[in-house]
Amino acid sequence: MMNRVRAIVANEWSLATAVAVLCFSVYLTTMCRTVSFIDAGELATVASLLGIAHPTGYPLFTLVAHCALWVPLGGEEILKLNVFSSVVVAAAVGVFFKLLLVLARLADSRKRKRRAPLPHEQPVLLLAAAIASLVFGFSATVWGQSVAVEVYGLHLLLVLLTTLLFLMGIVEEDAGEIPEISRYLIAAAFLLGLSFTNHLTTLLIVPGLAYLYVRAYGVSRQSILGALKLLPLFSLGLTPYFYLPIRAGVHPP
């Protein structure tokens, strides 16, 4: 039994999954079983009928939440959508765990001039990241988004995924493993566009990402061309906004 526990702790993905599953299990015990306050009723109706929510419309949330209703869980739509919120917030906590590890290793590689971490440092880093992730997941603000249907759970997941992939691209550059633009930066650009179609406060992370890009690649003709190569993927991520005029044209309930 102890060997199995050590194996889980030593494996990043297993530990990230364990953290997410633990949070999800607790979220379920406190989840609302019916319609909650503020926008829950409106958003549940919009997701169920493929309607259009209040500005800015939240097209990505509407489409993804509607797909969540296809899962054969049983029960009313509102219950399925509340479970959906618990799932995406728990997944965000797992991504937060990975993000902490990437941040720690990026800082460590530069501080120690890219010295590989010592074997005894790895378990300490994983344990610290796991504890910090649980503190994050059970904070009032994050936990509050897991108990009822809202756009912010999916927003949290998308912002953290975007940041994680962006930093993984920076780590590749820092290790000199990329010939031009990192595949992680390409994925991050696409997810950044998607995140904008869920909630426009995604704009708040753009200055930080831009700063990190300049710190990693500098200001040169090559870095500018690299940024321009990311624009088509970012634009592709914005395509869920086409849902609004298309669906409005058929006058949904």
# chains A, B, ... in the order shown; residues from 1 in each chain; ligands from 1

$ residues_around --residues "A:Ala210" --least-positions-apart "5" --cutoff "12 Å" --atoms "only C-alpha atoms" --output "VMD selection string"
chain A and resid 163 166 to 167 170 185 189 203 to 205 215 to 219 223 to 224 227

$ residues_around --residues "A:Ala128" --least-positions-apart "5" --cutoff "10 Å" --atoms "only C-alpha atoms" --output "list in words"
Phe97, Leu100, Leu101, Gln122, Pro123 and Ser133 of chain A

$ write_last_selection --atoms "N, CA and C atoms" --output "short mmCIF file (atom, residue, chain, number, x, y, z; two decimals), in the first residue's frame"
data_model
loop_
_atom_site.label_atom_id
_atom_site.label_comp_id
_atom_site.auth_asym_id
_atom_site.auth_seq_id
_atom_site.Cartn_x
_atom_site.Cartn_y
_atom_site.Cartn_z
N PHE A 97 -2.11 22.82 -10.20
CA PHE A 97 -1.00 22.02 -9.67
C PHE A 97 0.14 21.94 -10.68
N LEU A 100 1.97 25.32 -11.06
CA LEU A 100 2.92 25.60 -9.98
C LEU A 100 4.25 24.90 -10.23
N LEU A 101 4.20 23.66 -10.70
CA LEU A 101 5.43 22.92 -10.97
C LEU A 101 6.24 23.57 -12.09
N GLN A 122 12.60 16.71 -5.67
CA GLN A 122 11.38 16.43 -6.41
C GLN A 122 10.18 16.14 -5.50
N PRO A 123 10.27 15.23 -4.52
CA PRO A 123 9.11 14.97 -3.65
C PRO A 123 8.66 16.20 -2.88
N SER A 133 -2.25 23.63 -4.08
CA SER A 133 -3.40 23.45 -4.97
C SER A 133 -4.67 23.18 -4.18
#

$ select_by_dssp --residues "stretch 28-217 of chain A" --states "alpha helix (DSSP H)" --output "ChimeraX atom specification"
/A:28-30,40-49,59-68,77-111,121-137,140-144,152-174,183-198,206-217

$ closest_residue --among "A:Val19, A:Leu28, A:Leu228, A:Leu79" --to "A:Gly41" --atoms "only C-alpha atoms"
A:Leu79

$ residues_around --residues "stretch 82-90 of chain A" --least-positions-apart "4" --cutoff "9 Å" --atoms "only C-alpha atoms" --output "ChimeraX atom specification"
/A:19-25,27-28,31-35,65,68-69,77-78,94-95,137,142-143,145-154,156-157

$ atom_distance --atom1 "atom CA of A:Ala91" --atom2 "atom CA of A:Leu60"
17.2 Å

$ closest_residue --among "A:Ala130, A:Ala188, A:Leu50, A:Leu230" --to "A:Pro253" --atoms "only C-alpha atoms"
A:Leu50

$ closest_residue --among "A:His66, A:His155, A:Arg105, A:His199" --to "A:Tyr241" --atoms "only C-alpha atoms"
A:His199

$ closest_residue --among "A:Ala18, A:Ala129, A:Ile38, A:Ile52" --to "A:Val250" --atoms "only C-alpha atoms"
A:Ile52

$ closest_residue --among "A:Pro59, A:Pro240, A:Gly74, A:Gly226" --to "A:Arg183" --atoms "only C-alpha atoms"
A:Gly226

$ decode --residues "stretch 86-99 of chain A" --atoms "all heavy atoms" --output "compact mmCIF listing (two decimals), in the first residue's frame"
# COMPACT_ATOMS: atom_id res chain seq x y z
N SER A 86 -18.84 21.70 -11.07
CA SER A 86 -17.92 21.01 -10.16
C SER A 86 -16.78 20.35 -10.92
O SER A 86 -15.62 20.38 -10.48
CB SER A 86 -18.68 19.97 -9.34
OG SER A 86 -19.64 20.56 -8.50
N VAL A 87 -17.08 19.77 -12.07
CA VAL A 87 -16.06 19.08 -12.87
C VAL A 87 -15.02 20.07 -13.38
O VAL A 87 -13.80 19.83 -13.25
CB VAL A 87 -16.72 18.34 -14.05
CG1 VAL A 87 -15.66 17.84 -15.03
CG2 VAL A 87 -17.54 17.16 -13.54
N VAL A 88 -15.46 21.18 -13.96
CA VAL A 88 -14.50 22.11 -14.57
C VAL A 88 -13.65 22.81 -13.51
O VAL A 88 -12.46 23.08 -13.73
CB VAL A 88 -15.19 23.13 -15.50
CG1 VAL A 88 -15.78 22.45 -16.72
CG2 VAL A 88 -16.26 23.93 -14.77
N VAL A 89 -14.23 23.11 -12.35
CA VAL A 89 -13.45 23.75 -11.29
C VAL A 89 -12.42 22.76 -10.73
O VAL A 89 -11.26 23.12 -10.49
CB VAL A 89 -14.36 24.28 -10.17
CG1 VAL A 89 -13.53 24.80 -9.00
CG2 VAL A 89 -15.25 25.40 -10.70
N ALA A 90 -12.83 21.50 -10.55
CA ALA A 90 -11.87 20.49 -10.08
C ALA A 90 -10.75 20.29 -11.09
O ALA A 90 -9.57 20.16 -10.71
CB ALA A 90 -12.59 19.16 -9.83
N ALA A 91 -11.09 20.28 -12.38
CA ALA A 91 -10.06 20.17 -13.42
C ALA A 91 -9.12 21.37 -13.37
O ALA A 91 -7.90 21.23 -13.57
CB ALA A 91 -10.71 20.06 -14.80
N ALA A 92 -9.66 22.54 -13.09
CA ALA A 92 -8.83 23.75 -12.99
C ALA A 92 -7.83 23.62 -11.85
O ALA A 92 -6.69 24.08 -11.96
CB ALA A 92 -9.71 24.98 -12.79
N VAL A 93 -8.24 23.00 -10.74
CA VAL A 93 -7.32 22.81 -9.62
C VAL A 93 -6.18 21.89 -10.03
O VAL A 93 -5.01 22.11 -9.67
CB VAL A 93 -8.06 22.25 -8.39
CG1 VAL A 93 -7.08 21.96 -7.25
CG2 VAL A 93 -9.13 23.23 -7.92
N GLY A 94 -6.49 20.83 -10.79
CA GLY A 94 -5.44 19.95 -11.30
C GLY A 94 -4.47 20.68 -12.21
O GLY A 94 -3.25 20.47 -12.15
N VAL A 95 -5.00 21.56 -13.06
CA VAL A 95 -4.14 22.36 -13.94
C VAL A 95 -3.29 23.34 -13.12
O VAL A 95 -2.11 23.57 -13.43
CB VAL A 95 -4.99 23.13 -14.97
CG1 VAL A 95 -4.14 24.10 -15.78
CG2 VAL A 95 -5.70 22.14 -15.91
N PHE A 96 -3.88 23.89 -12.07
CA PHE A 96 -3.14 24.80 -11.18
C PHE A 96 -1.93 24.09 -10.57
O PHE A 96 -0.85 24.68 -10.44
CB PHE A 96 -4.07 25.31 -10.09
CG PHE A 96 -3.45 26.31 -9.16
CD1 PHE A 96 -3.26 27.63 -9.56
CD2 PHE A 96 -3.06 25.95 -7.88
CE1 PHE A 96 -2.69 28.56 -8.71
CE2 PHE A 96 -2.48 26.87 -7.02
CZ PHE A 96 -2.30 28.18 -7.43
N PHE A 97 -2.11 22.82 -10.20
CA PHE A 97 -1.00 22.02 -9.67
C PHE A 97 0.14 21.94 -10.68
O PHE A 97 1.31 22.17 -10.34
CB PHE A 97 -1.52 20.62 -9.32
CG PHE A 97 -0.44 19.63 -8.97
CD1 PHE A 97 0.13 19.60 -7.71
CD2 PHE A 97 0.03 18.73 -9.92
CE1 PHE A 97 1.12 18.69 -7.38
CE2 PHE A 97 1.03 17.81 -9.61
CZ PHE A 97 1.58 17.80 -8.34
N LYS A 98 -0.18 21.62 -11.94
CA LYS A 98 0.85 21.55 -12.98
C LYS A 98 1.49 22.91 -13.22
O LYS A 98 2.70 23.02 -13.46
CB LYS A 98 0.24 21.03 -14.27
CG LYS A 98 -0.16 19.56 -14.23
CD LYS A 98 1.05 18.65 -14.20
CE LYS A 98 1.85 18.74 -15.47
NZ LYS A 98 3.02 17.82 -15.46
N LEU A 99 0.69 23.96 -13.15
CA LEU A 99 1.19 25.31 -13.36
C LEU A 99 2.23 25.68 -12.30
O LEU A 99 3.26 26.29 -12.61
CB LEU A 99 0.03 26.30 -13.35
CG LEU A 99 0.36 27.79 -13.50
CD1 LEU A 99 1.08 28.05 -14.81
CD2 LEU A 99 -0.91 28.62 -13.41
